[in-house]
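Student: Sharing coords.tsv here; it has TSV, C-alpha atoms.
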```tsv
chain	number	residue	atom	x	y	z
H	267	MET	CA	139.18	-33.81	70.74
H	268	PHE	CA	139.01	-36.80	73.10
H	269	VAL	CA	139.39	-35.69	76.70
H	270	LEU	CA	139.98	-38.16	79.53
H	271	ILE	CA	139.37	-36.79	83.00
H	272	VAL	CA	140.47	-38.79	86.03
H	273	GLY	CA	138.70	-37.72	89.19
H	274	ALA	CA	135.15	-36.39	89.04
H	275	GLY	CA	135.20	-34.07	92.01
H	276	ARG	CA	134.06	-30.46	91.79
H	277	VAL	CA	136.86	-29.52	89.44
H	278	GLY	CA	136.92	-32.61	87.26
H	279	SER	CA	133.15	-32.78	86.79
H	280	ALA	CA	132.85	-29.06	86.00
H	281	VAL	CA	135.55	-29.27	83.34
H	282	ALA	CA	134.00	-32.47	81.98
H	283	LYS	CA	130.55	-30.90	81.56
H	284	ARG	CA	131.92	-27.81	79.92
H	285	ALA	CA	134.09	-29.81	77.51
H	286	LEU	CA	131.15	-32.02	76.55
H	287	ALA	CA	128.89	-29.00	76.07
H	288	GLU	CA	131.45	-27.51	73.71
H	289	GLY	CA	131.36	-30.59	71.53
H	290	HIS	CA	134.35	-32.61	72.67
H	291	GLU	CA	134.34	-36.33	73.37
H	292	VAL	CA	134.65	-36.68	77.12
H	293	SER	CA	135.40	-39.71	79.24
H	294	VAL	CA	135.45	-39.58	83.03
H	295	LEU	CA	137.12	-42.11	85.33
H	296	ASP	CA	136.44	-42.17	89.05
H	297	GLU	CA	136.67	-44.88	91.67
H	298	ASP	CA	133.42	-43.80	93.30
H	299	PRO	CA	130.26	-44.72	91.33
H	300	LEU	CA	128.38	-41.98	93.20
H	301	SER	CA	130.60	-39.31	91.68
H	302	HIS	CA	128.49	-39.84	88.56
H	303	GLU	CA	125.81	-37.71	90.25
H	304	ARG	CA	127.99	-34.64	89.73
H	305	LEU	CA	127.73	-35.20	85.98
H	306	GLU	CA	123.94	-35.26	85.76
H	307	GLU	CA	121.84	-32.75	83.89
H	308	ILE	CA	123.50	-31.52	80.78
H	309	ASP	CA	120.73	-29.42	79.19
H	310	GLY	CA	118.20	-31.71	80.85
H	311	GLN	CA	119.88	-34.86	79.53
H	312	THR	CA	121.78	-37.50	81.43
H	313	TRP	CA	125.55	-37.60	81.05
H	314	GLU	CA	125.38	-40.69	78.82
H	315	ASP	CA	122.53	-39.36	76.67
H	316	ALA	CA	124.55	-36.25	76.09
H	317	GLY	CA	127.36	-38.47	74.78
H	318	GLY	CA	129.59	-38.59	77.84
H	319	LEU	CA	131.45	-41.69	78.97
H	320	PHE	CA	131.85	-42.75	82.58
H	321	THR	CA	134.02	-45.54	83.94
H	322	VAL	CA	134.25	-46.70	87.54
H	323	GLY	CA	137.78	-47.66	88.40
H	324	THR	CA	141.04	-46.78	90.09
H	325	ALA	CA	143.32	-44.66	87.98
H	326	LEU	CA	146.41	-46.66	88.89
H	327	GLU	CA	144.84	-49.77	87.37
H	328	VAL	CA	146.00	-49.78	83.78
H	329	ASP	CA	142.94	-51.79	82.73
H	330	ALA	CA	140.69	-49.02	84.03
H	331	LEU	CA	142.65	-46.36	82.15
H	332	ILE	CA	142.40	-48.38	78.95
H	333	GLU	CA	138.69	-48.97	79.43
H	334	ALA	CA	138.26	-45.23	79.87
H	335	GLY	CA	140.06	-44.69	76.55
H	336	VAL	CA	143.55	-43.49	77.48
H	337	GLN	CA	144.96	-44.96	74.27
H	338	ARG	CA	143.02	-42.55	72.11
H	339	ALA	CA	143.05	-39.55	74.45
H	340	ASP	CA	144.28	-36.25	73.08
H	341	VAL	CA	144.06	-34.61	76.48
H	342	PHE	CA	144.50	-36.21	79.89
H	343	ILE	CA	143.42	-34.38	83.03
H	344	ALA	CA	144.42	-35.70	86.45
H	345	SER	CA	142.06	-34.07	88.94
H	346	THR	CA	141.57	-36.49	91.81
H	347	ASP	CA	141.86	-35.14	95.35
H	348	GLY	CA	145.26	-36.75	95.80
H	349	ASP	CA	148.45	-35.07	94.59
H	350	ASN	CA	150.32	-38.35	94.57
H	351	THR	CA	147.69	-40.13	92.55
H	352	ASN	CA	147.56	-37.26	90.09
H	353	LEU	CA	151.32	-37.10	89.67
H	354	THR	CA	151.59	-40.83	89.18
H	355	VAL	CA	148.76	-41.30	86.67
H	356	ALA	CA	149.74	-38.17	84.76
H	357	GLN	CA	153.22	-39.61	84.26
H	358	VAL	CA	151.73	-42.96	83.26
H	359	ALA	CA	149.55	-41.23	80.66
H	360	GLN	CA	152.47	-39.21	79.37
H	361	ARG	CA	155.24	-41.80	79.32
H	362	ARG	CA	153.44	-45.06	78.79
H	363	PHE	CA	150.50	-44.03	76.64
H	364	GLY	CA	152.11	-41.06	74.97
H	365	VAL	CA	149.18	-38.70	75.54
H	366	GLY	CA	150.23	-35.38	74.04
H	367	ASN	CA	148.51	-32.98	76.37
H	368	VAL	CA	148.62	-34.01	80.03
H	369	VAL	CA	147.48	-31.63	82.75
H	370	CYS	CA	147.79	-32.46	86.40
H	371	ARG	CA	146.41	-30.87	89.54
H	372	VAL	CA	148.95	-30.60	92.35
H	373	MET	CA	147.91	-28.84	95.55
H	374	ASP	CA	151.49	-28.68	96.86
H	375	PRO	CA	153.02	-25.62	95.12
H	376	ALA	CA	156.61	-26.78	95.59
H	377	ARG	CA	156.10	-30.05	93.81
H	378	ALA	CA	153.87	-28.45	91.19
H	379	ALA	CA	156.79	-26.19	90.33
H	380	TRP	CA	159.37	-28.98	90.26
H	381	TYR	CA	157.31	-31.35	88.13
H	382	ALA	CA	156.55	-28.47	85.77
H	383	GLU	CA	160.30	-28.07	85.30
H	384	GLN	CA	160.42	-31.77	84.43
H	385	GLY	CA	157.95	-31.25	81.61
H	386	LEU	CA	154.63	-32.01	83.23
H	387	ARG	CA	151.91	-29.42	82.94
H	388	THR	CA	150.79	-28.80	86.52
H	389	ILE	CA	148.07	-26.63	87.97
H	390	SER	CA	148.34	-25.69	91.61
H	391	PRO	CA	145.13	-24.28	93.10
H	392	THR	CA	147.09	-23.47	96.25
H	393	ARG	CA	149.54	-21.38	94.26
H	394	HIS	CA	146.64	-19.50	92.67
H	395	ALA	CA	145.01	-18.92	96.04
H	396	ILE	CA	148.26	-17.56	97.47
H	397	GLU	CA	148.64	-15.20	94.53
H	398	MET	CA	145.08	-13.95	94.84
H	399	PHE	CA	145.42	-13.33	98.54
H	400	GLU	CA	148.66	-11.50	97.91
H	401	GLN	CA	146.93	-9.39	95.28
H	402	ALA	CA	144.06	-8.68	97.66
H	403	LEU	CA	146.60	-7.41	100.16
H	404	GLY	CA	148.33	-5.36	97.50
H	405	LEU	CA	151.59	-7.16	98.12
H	406	GLY	CA	154.42	-6.93	95.65
H	407	SER	CA	152.64	-4.29	93.55
P	262	MET	CA	176.01	-44.19	105.77
P	263	TYR	CA	173.12	-41.75	106.18
P	264	VAL	CA	169.76	-43.42	105.52
P	265	ILE	CA	166.36	-41.74	105.30
P	266	ILE	CA	163.48	-44.12	105.89
P	267	VAL	CA	160.00	-43.01	104.89
P	268	GLY	CA	157.17	-44.64	106.82
P	269	ALA	CA	157.47	-45.68	110.47
P	270	GLY	CA	155.22	-48.71	110.28
P	271	LYS	CA	156.45	-52.15	111.26
P	272	VAL	CA	158.82	-52.36	108.33
P	273	GLY	CA	160.24	-48.85	108.68
P	274	LEU	CA	160.64	-49.00	112.45
P	275	ASN	CA	162.41	-52.34	112.44
P	276	LEU	CA	164.61	-51.29	109.58
P	277	ALA	CA	165.58	-48.16	111.52
P	278	ARG	CA	166.44	-50.21	114.60
P	279	GLU	CA	168.61	-52.62	112.60
P	280	LEU	CA	170.47	-49.88	110.77
P	281	ILE	CA	171.09	-47.93	113.98
P	282	ASP	CA	172.42	-51.14	115.55
P	283	LYS	CA	174.82	-51.50	112.66
P	284	GLY	CA	176.11	-48.00	113.31
P	285	HIS	CA	174.38	-46.08	110.55
P	286	GLU	CA	172.85	-42.65	110.86
P	287	VAL	CA	169.10	-42.82	110.33
P	288	THR	CA	166.18	-40.44	110.01
P	289	LEU	CA	162.71	-41.92	110.01
P	290	LEU	CA	159.80	-39.90	108.59
P	291	GLU	CA	156.21	-40.50	109.62
P	292	SER	CA	153.15	-38.55	108.50
P	293	ASP	CA	150.65	-39.95	110.99
P	294	ARG	CA	150.75	-37.91	114.18
P	295	ARG	CA	149.73	-40.71	116.50
P	296	ARG	CA	152.17	-43.20	115.05
P	297	TYR	CA	154.89	-40.59	115.19
P	298	LEU	CA	154.32	-40.05	118.91
P	299	VAL	CA	154.51	-43.78	119.61
P	300	VAL	CA	157.74	-44.22	117.68
P	301	GLU	CA	159.20	-41.01	119.08
P	302	GLU	CA	159.10	-42.47	122.61
P	303	GLU	CA	161.59	-45.08	121.50
P	304	LEU	CA	163.67	-43.39	118.83
P	305	GLU	CA	163.43	-39.77	119.99
P	306	HIS	CA	165.09	-37.34	117.57
P	307	VAL	CA	165.66	-40.04	114.94
P	308	VAL	CA	162.01	-39.82	113.91
P	309	GLN	CA	160.54	-36.68	112.37
P	310	TYR	CA	156.89	-35.85	111.84
P	311	GLY	CA	155.83	-34.92	108.32
P	312	ASP	CA	154.64	-36.00	104.90
P	313	ALA	CA	157.75	-37.05	103.01
P	314	THR	CA	156.10	-36.39	99.67
P	315	GLU	CA	156.49	-32.70	100.53
P	316	LEU	CA	159.86	-31.37	99.48
P	317	TRP	CA	160.51	-29.32	102.60
P	318	VAL	CA	160.04	-32.38	104.78
P	319	LEU	CA	162.70	-34.25	102.82
P	320	GLU	CA	164.97	-31.22	102.94
P	321	ARG	CA	164.52	-30.86	106.67
P	322	ALA	CA	165.55	-34.48	107.00
P	323	GLY	CA	168.75	-33.65	105.13
P	324	ILE	CA	168.04	-35.37	101.84
P	325	GLN	CA	170.87	-33.44	100.20
P	326	ARG	CA	173.42	-35.51	102.09
P	327	GLY	CA	171.46	-38.76	102.10
P	328	ASP	CA	173.24	-41.87	100.86
P	329	LEU	CA	170.12	-43.96	100.69
P	330	VAL	CA	166.36	-43.36	100.75
P	331	VAL	CA	164.08	-46.25	101.65
P	332	ALA	CA	160.35	-45.68	101.10
P	333	VAL	CA	158.28	-48.28	102.92
P	334	THR	CA	154.90	-46.67	103.55
P	335	GLY	CA	151.71	-48.59	102.89
P	336	ASP	CA	150.96	-46.32	99.97
P	337	ASP	CA	152.52	-47.14	96.61
P	338	GLU	CA	152.13	-43.67	95.11
P	339	ASP	CA	153.92	-42.15	98.09
P	340	ASN	CA	156.78	-44.65	97.85
P	341	MET	CA	157.09	-44.14	94.12
P	342	LEU	CA	157.11	-40.35	94.17
P	343	VAL	CA	159.39	-39.99	97.19
P	344	CYS	CA	161.96	-42.15	95.42
P	345	GLN	CA	161.53	-40.35	92.11
P	346	VAL	CA	162.09	-36.97	93.73
P	347	ALA	CA	165.01	-38.27	95.81
P	348	LYS	CA	166.75	-39.55	92.70
P	349	GLU	CA	165.95	-36.88	90.18
P	350	LYS	CA	165.75	-33.71	92.24
P	351	TYR	CA	168.18	-34.43	95.05
P	352	GLU	CA	170.47	-36.77	93.13
P	353	CYS	CA	170.38	-39.37	95.83
P	354	GLU	CA	172.11	-42.29	94.16
P	355	ARG	CA	170.40	-45.14	95.92
P	356	VAL	CA	166.73	-45.64	96.62
P	357	ILE	CA	164.73	-48.68	97.64
P	358	ALA	CA	160.95	-48.75	97.43
P	359	ARG	CA	158.34	-51.04	98.84
P	360	VAL	CA	155.60	-52.20	96.51
P	361	ASN	CA	152.37	-52.97	98.34
P	362	ASN	CA	150.27	-53.94	95.35
P	363	PRO	CA	152.28	-56.03	92.86
P	364	ARG	CA	150.20	-54.62	90.03
P	365	ASN	CA	151.82	-51.25	90.66
P	366	LEU	CA	155.26	-52.67	89.93
P	367	GLN	CA	154.98	-51.50	86.32
P	368	HIS	CA	154.50	-47.90	87.49
P	369	PHE	CA	157.62	-48.02	89.66
P	370	LYS	CA	159.57	-49.22	86.64
P	371	LEU	CA	158.06	-46.55	84.43
P	372	LEU	CA	159.21	-43.84	86.83
P	373	GLY	CA	162.69	-45.37	87.04
P	374	VAL	CA	162.32	-46.36	90.69
P	375	GLN	CA	164.30	-49.47	91.52
P	376	PRO	CA	165.13	-51.69	93.24
P	377	VAL	CA	161.75	-52.46	94.70
P	378	VAL	CA	160.67	-54.95	97.33
P	379	SER	CA	157.31	-56.63	97.18
P	380	ALA	CA	156.30	-58.99	99.98
P	381	THR	CA	153.75	-60.68	97.76
P	382	ASP	CA	156.35	-61.36	95.10
P	383	LEU	CA	158.81	-62.69	97.66
P	384	ILE	CA	156.25	-65.12	98.99
P	385	LEU	CA	155.22	-66.21	95.52
P	386	ARG	CA	158.86	-66.92	94.78
P	387	LEU	CA	159.05	-68.90	98.01
P	388	ILE	CA	156.06	-70.93	96.90
P	389	GLU	CA	157.74	-71.62	93.59
P	390	HIS	CA	160.70	-73.05	95.46
P	391	GLU	CA	158.94	-75.01	98.11
P	392	VAL	CA	155.67	-76.29	96.77
P	393	PRO	CA	155.67	-79.42	94.61
P	394	ARG	CA	155.34	-78.95	90.90
P	395	TYR	CA	151.70	-80.02	90.77
P	396	GLY	CA	150.70	-77.48	93.41
P	397	LEU	CA	152.81	-74.77	91.86
P	398	VAL	CA	150.90	-74.72	88.60
P	399	HIS	CA	147.62	-74.61	90.43
P	400	LEU	CA	148.69	-71.70	92.65
P	401	LEU	CA	150.14	-69.57	89.93
P	402	ALA	CA	146.98	-70.02	87.90
P	403	LEU	CA	145.01	-68.82	90.89
P	404	GLU	CA	146.87	-65.55	90.95
P	405	GLU	CA	144.55	-64.30	88.25
P	406	GLU	CA	141.55	-65.66	90.07
P	407	ARG	CA	141.66	-63.89	93.39
P	408	LEU	CA	144.27	-65.70	95.40
P	409	GLU	CA	145.00	-64.32	98.83
P	410	ILE	CA	147.89	-64.56	101.21
P	411	ILE	CA	147.16	-63.83	104.85
P	412	GLU	CA	149.10	-63.71	108.07
P	413	LEU	CA	147.70	-64.91	111.39
P	414	GLU	CA	149.01	-65.14	114.90
P	415	VAL	CA	148.43	-68.49	116.60
P	416	GLN	CA	146.71	-67.87	119.94
P	417	ALA	CA	147.28	-70.02	123.00
P	418	GLY	CA	144.54	-72.64	123.20
P	419	ALA	CA	143.65	-72.37	119.51
P	420	PRO	CA	142.67	-75.62	117.77
P	421	ALA	CA	145.87	-75.55	115.70
P	422	ALA	CA	148.27	-74.82	118.59
P	423	GLY	CA	150.45	-77.83	119.37
P	424	LEU	CA	149.45	-79.76	116.24
P	425	ARG	CA	151.63	-80.93	113.38
P	426	VAL	CA	151.01	-78.80	110.31
P	427	ALA	CA	149.70	-81.90	108.55
P	428	ASP	CA	147.09	-82.36	111.29
P	429	VAL	CA	145.76	-78.81	111.27
P	430	ARG	CA	142.26	-78.93	109.84
P	431	LEU	CA	142.17	-76.33	107.10
P	432	PRO	CA	139.47	-75.90	104.50
P	433	GLU	CA	140.27	-77.08	101.02
P	434	GLY	CA	141.89	-74.29	99.04
P	435	SER	CA	144.27	-73.15	101.76
P	436	LEU	CA	147.84	-73.95	102.71
P	437	VAL	CA	150.33	-72.87	105.37
P	438	ILE	CA	153.32	-71.58	103.45
P	439	SER	CA	155.47	-70.02	106.09
P	440	VAL	CA	155.91	-69.84	109.85
P	441	LEU	CA	157.51	-66.87	111.60
P	442	ARG	CA	158.85	-67.72	115.04
P	443	ALA	CA	161.20	-65.78	117.31
P	444	GLY	CA	162.07	-63.35	114.54
P	445	ARG	CA	162.82	-66.10	112.01
P	446	GLY	CA	160.75	-67.30	109.11
P	447	PHE	CA	160.80	-70.80	107.66
P	448	VAL	CA	158.77	-73.01	105.40
P	449	PRO	CA	157.14	-75.72	107.49
P	450	THR	CA	157.19	-79.44	106.75
P	451	PRO	CA	154.11	-81.57	107.51
P	452	ASP	CA	155.81	-82.47	110.81
P	453	THR	CA	156.43	-78.92	111.96
P	454	ILE	CA	154.57	-78.27	115.21
P	455	VAL	CA	152.46	-75.11	115.19
P	456	GLU	CA	153.14	-73.22	118.42
P	457	ALA	CA	151.15	-70.53	120.17
P	458	GLY	CA	152.68	-67.15	119.30
P	459	ASP	CA	153.76	-68.23	115.82
P	460	GLN	CA	152.84	-66.02	112.89
P	461	VAL	CA	151.65	-68.24	110.07
P	462	LEU	CA	151.32	-67.23	106.46
P	463	LEU	CA	148.64	-68.94	104.44
P	464	VAL	CA	147.79	-68.85	100.81
P	465	LEU	CA	144.11	-69.36	100.08
P	466	ASP	CA	141.27	-68.92	97.71
P	467	ALA	CA	139.57	-65.58	98.23
P	468	GLY	CA	136.75	-65.75	100.74
P	469	LEU	CA	138.09	-68.54	102.95
P	470	GLU	CA	139.45	-66.30	105.73
P	471	GLU	CA	136.39	-66.68	107.90
P	472	GLN	CA	136.81	-70.45	107.97
P	473	ILE	CA	140.52	-70.22	108.68
P	474	THR	CA	140.61	-67.64	111.46
P	475	PRO	CA	138.90	-69.90	114.08
P	476	VAL	CA	141.55	-72.60	113.54
P	477	PHE	CA	144.25	-70.28	114.84
P	478	SER	CA	142.25	-68.37	117.44
P	479	TYR	CA	141.12	-69.33	120.91
P	480	ALA	CA	137.37	-69.28	121.45
P	481	GLU	CA	136.35	-68.93	125.06
```
Output the structure of this file as C-alpha cells.
Tutor:
Amino acid sequence: MFVLIVGAGRVGSAVAKRALAEGHEVSVLDEDPLSHERLEEIDGQTWEDAGGLFTVGTALEVDALIEAGVQRADVFIASTDGDNTNLTVAQVAQRRFGVGNVVCRVMDPARAAWYAEQGLRTISPTRHAIEMFEQALGLGS
Amino acid sequence: MYVIIVGAGKVGLNLARELIDKGHEVTLLESDRRRYLVVEEELEHVVQYGDATELWVLERAGIQRGDLVVAVTGDDEDNMLVCQVAKEKYECERVIARVNNPRNLQHFKLLGVQPVVSATDLILRLIEHEVPRYGLVHLLALEEERLEIIELEVQAGAPAAGLRVADVRLPEGSLVISVLRAGRGFVPTPDTIVEAGDQVLLVLDAGLEEQITPVFSYAE
C-alpha cells in the first residue's frame, strides 16, 4: 500500500513510522523541513534508509502533492495542525486525484460530523477526548 | 437583502459600509479579537466575534436566512470552506469568495465555490488592456518567473511626489500600473502627476522592492 501523509506533527509522524515499519510505502509531506526530525530513527536507520519518502512543500500546492506521490496513493492522510488545510487537501485528494481511502483530521467536532455525512472520512480528536472524559465521569452509562 | 461578510479586514469592512449605505442588512464576522474590537467601535452590533469556519458561529450570525455570503479573509482555505458550507449545508444560494493566491483558484472551482474575486487576476487583466502588446507578452511570461505586484503610498516629500509618471526614476523591471486617489483607481499615462497620498500599484521583477520603496518614501 502507498500511504501519503500530509503533516508530520506528532500524529502524522507516528502513523508514518508505524506504517513504514509494517512494510507499507510511506511518503510524508510537510512545509517545515525540520519536521523531518520527528521521522528519525526507525530501528536505528534514517527515514530515507528505511525506505521512507519526505517532501518539503505546502499541501495546497498541487505540484507538491504530485511530487509526494498523490497520483499513486492508495491512502491519503491529512494530519496538519489546521482543520481548514486538512479539509481542503483531503477533498483535493478525493475529488481531483481520486484517492480511494482519504482520512482527515478535524479538531472541530461539528464540522467533522458534517463532512463525514458528505462522504469524507474524518477523525476528530476533540470528539474522542469529549467521549473519554464523559466515560471517566460515568455519564450516559 | 441579508448579507454575511466573513473577514473584517479592509475589504470586508468597506464592503460592509457600502452595503449598509445601500440599505442592506449586514453581519460582519471577525476572528481576530483585536481587529474585532476596532471594527466594533464603528459598526457596533453589526460585527460579531468568532471563527466563521465554525458552524455555530455561522448559525449565530443567522446563516439560515442569509441571502448572500461573502468570504474575504486573507486565508484561502477559510474562504473556500466557509462558502462550501454555506452553499451545501445551509443552502445559501449565493456566495462570493476572495482568492488571495491565484494558484488556489483551482481548489475553489473543485469545491464548487464561485464566483471568486482575485485582486491579482483583476490587475493582470488590467495590464492586458492597458499595456502595449510588446510589454504584455513580456509581463505574462514573467508570471512564471516570480513577478510581483506591490502597492505603495506616496509620502509627502518623496522623490516621486509631484513628478510626471514618466519622470519617476524606477529601476528597470518595474512599472506603475495603477494609481488610487481619493477612493478612485485609474491607469496612469506618462503625463499623470504622482501626488503625495496616492496609492500606486507597481508590477516588478521579484527582489526589486528595496530599490523602489525609497522612490515613494520621504527620507529625513
Student: Compile the residues of chain H that lie within 9 Å of chain P, evaluated using all atoms listed in the file, and express the compilation as a list in words.
Tutor: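 Written out as asked, the residues are Leu326, Glu327, Val328, Asn350, Thr351, Leu353, Thr354, Val355, Gln357, Val358, Arg361, Arg362, Asp374, Ala376, Arg377 and Trp380 of chain H.
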Student: Would you export the selected residues with C-alpha atoms as a CSV table (one decimal), keeping the file's coordinate frame, please?
Tutor:
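Below is the file that was written, out.csv:
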```csv
chain,number,residue,atom,x,y,z
H,326,LEU,CA,146.4,-46.7,88.9
H,327,GLU,CA,144.8,-49.8,87.4
H,328,VAL,CA,146.0,-49.8,83.8
H,350,ASN,CA,150.3,-38.4,94.6
H,351,THR,CA,147.7,-40.1,92.6
H,353,LEU,CA,151.3,-37.1,89.7
H,354,THR,CA,151.6,-40.8,89.2
H,355,VAL,CA,148.8,-41.3,86.7
H,357,GLN,CA,153.2,-39.6,84.3
H,358,VAL,CA,151.7,-43.0,83.3
H,361,ARG,CA,155.2,-41.8,79.3
H,362,ARG,CA,153.4,-45.1,78.8
H,374,ASP,CA,151.5,-28.7,96.9
H,376,ALA,CA,156.6,-26.8,95.6
H,377,ARG,CA,156.1,-30.0,93.8
H,380,TRP,CA,159.4,-29.0,90.3
```
Student: Please provide as a ChimeraX atom specification all residues within 12 Å of P:Arg425, with the sequence filter that same-chain residues fewer than 6 positions apart are discarded (counting all atoms listed in the file).
Tutor: /P:437,449-456
Student: Let me make sure I understand: among P:Val464, P:Leu441, P:Leu424, P:Val429, which one has the smallest atom-to-atom distance to P:Arg407 if we use all atoms listed in the file?
Tutor: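 Nearest to P:Arg407: P:Val464.
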Student: At what distance in Å, to one decimal, does atom CA of H:Gly335 lie from atom CA of H:Leu286?
Tutor: 15.5 Å
Student: Using all atoms listed in the file and a cutoff of 12 Å, can you tell me which residues are near (127.0, -36.1, 90.0) in the file's coordinates, and write them out as a ChimeraX atom specification?
Tutor: /H:273-280,282-283,294,296,298-308,312-313,320
Student: One number please: atom CA of H:Glu297 to atom CA of H:Asp315, in Å, one decimal.
Tutor: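 Interatomic distance here is 21.3 Å.
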Student: Taking (147.2, -20.7, 95.5) in the file's own coordinates, collect the residues within 12 Å, counting only C-alpha atoms, and hand them back as a PyMOL selection string.
Tutor: chain H and resi 371-376+378+389-401
Student: Write out as a PyMOL selection string each polymer residue whose atoms come within 7 Å of stretch 283-288 of chain P, counting only C-alpha atoms; drop sequence neighbours fewer than 3 positions from it.
Tutor: chain P and resi 262-266+277+279-280+307-308+322
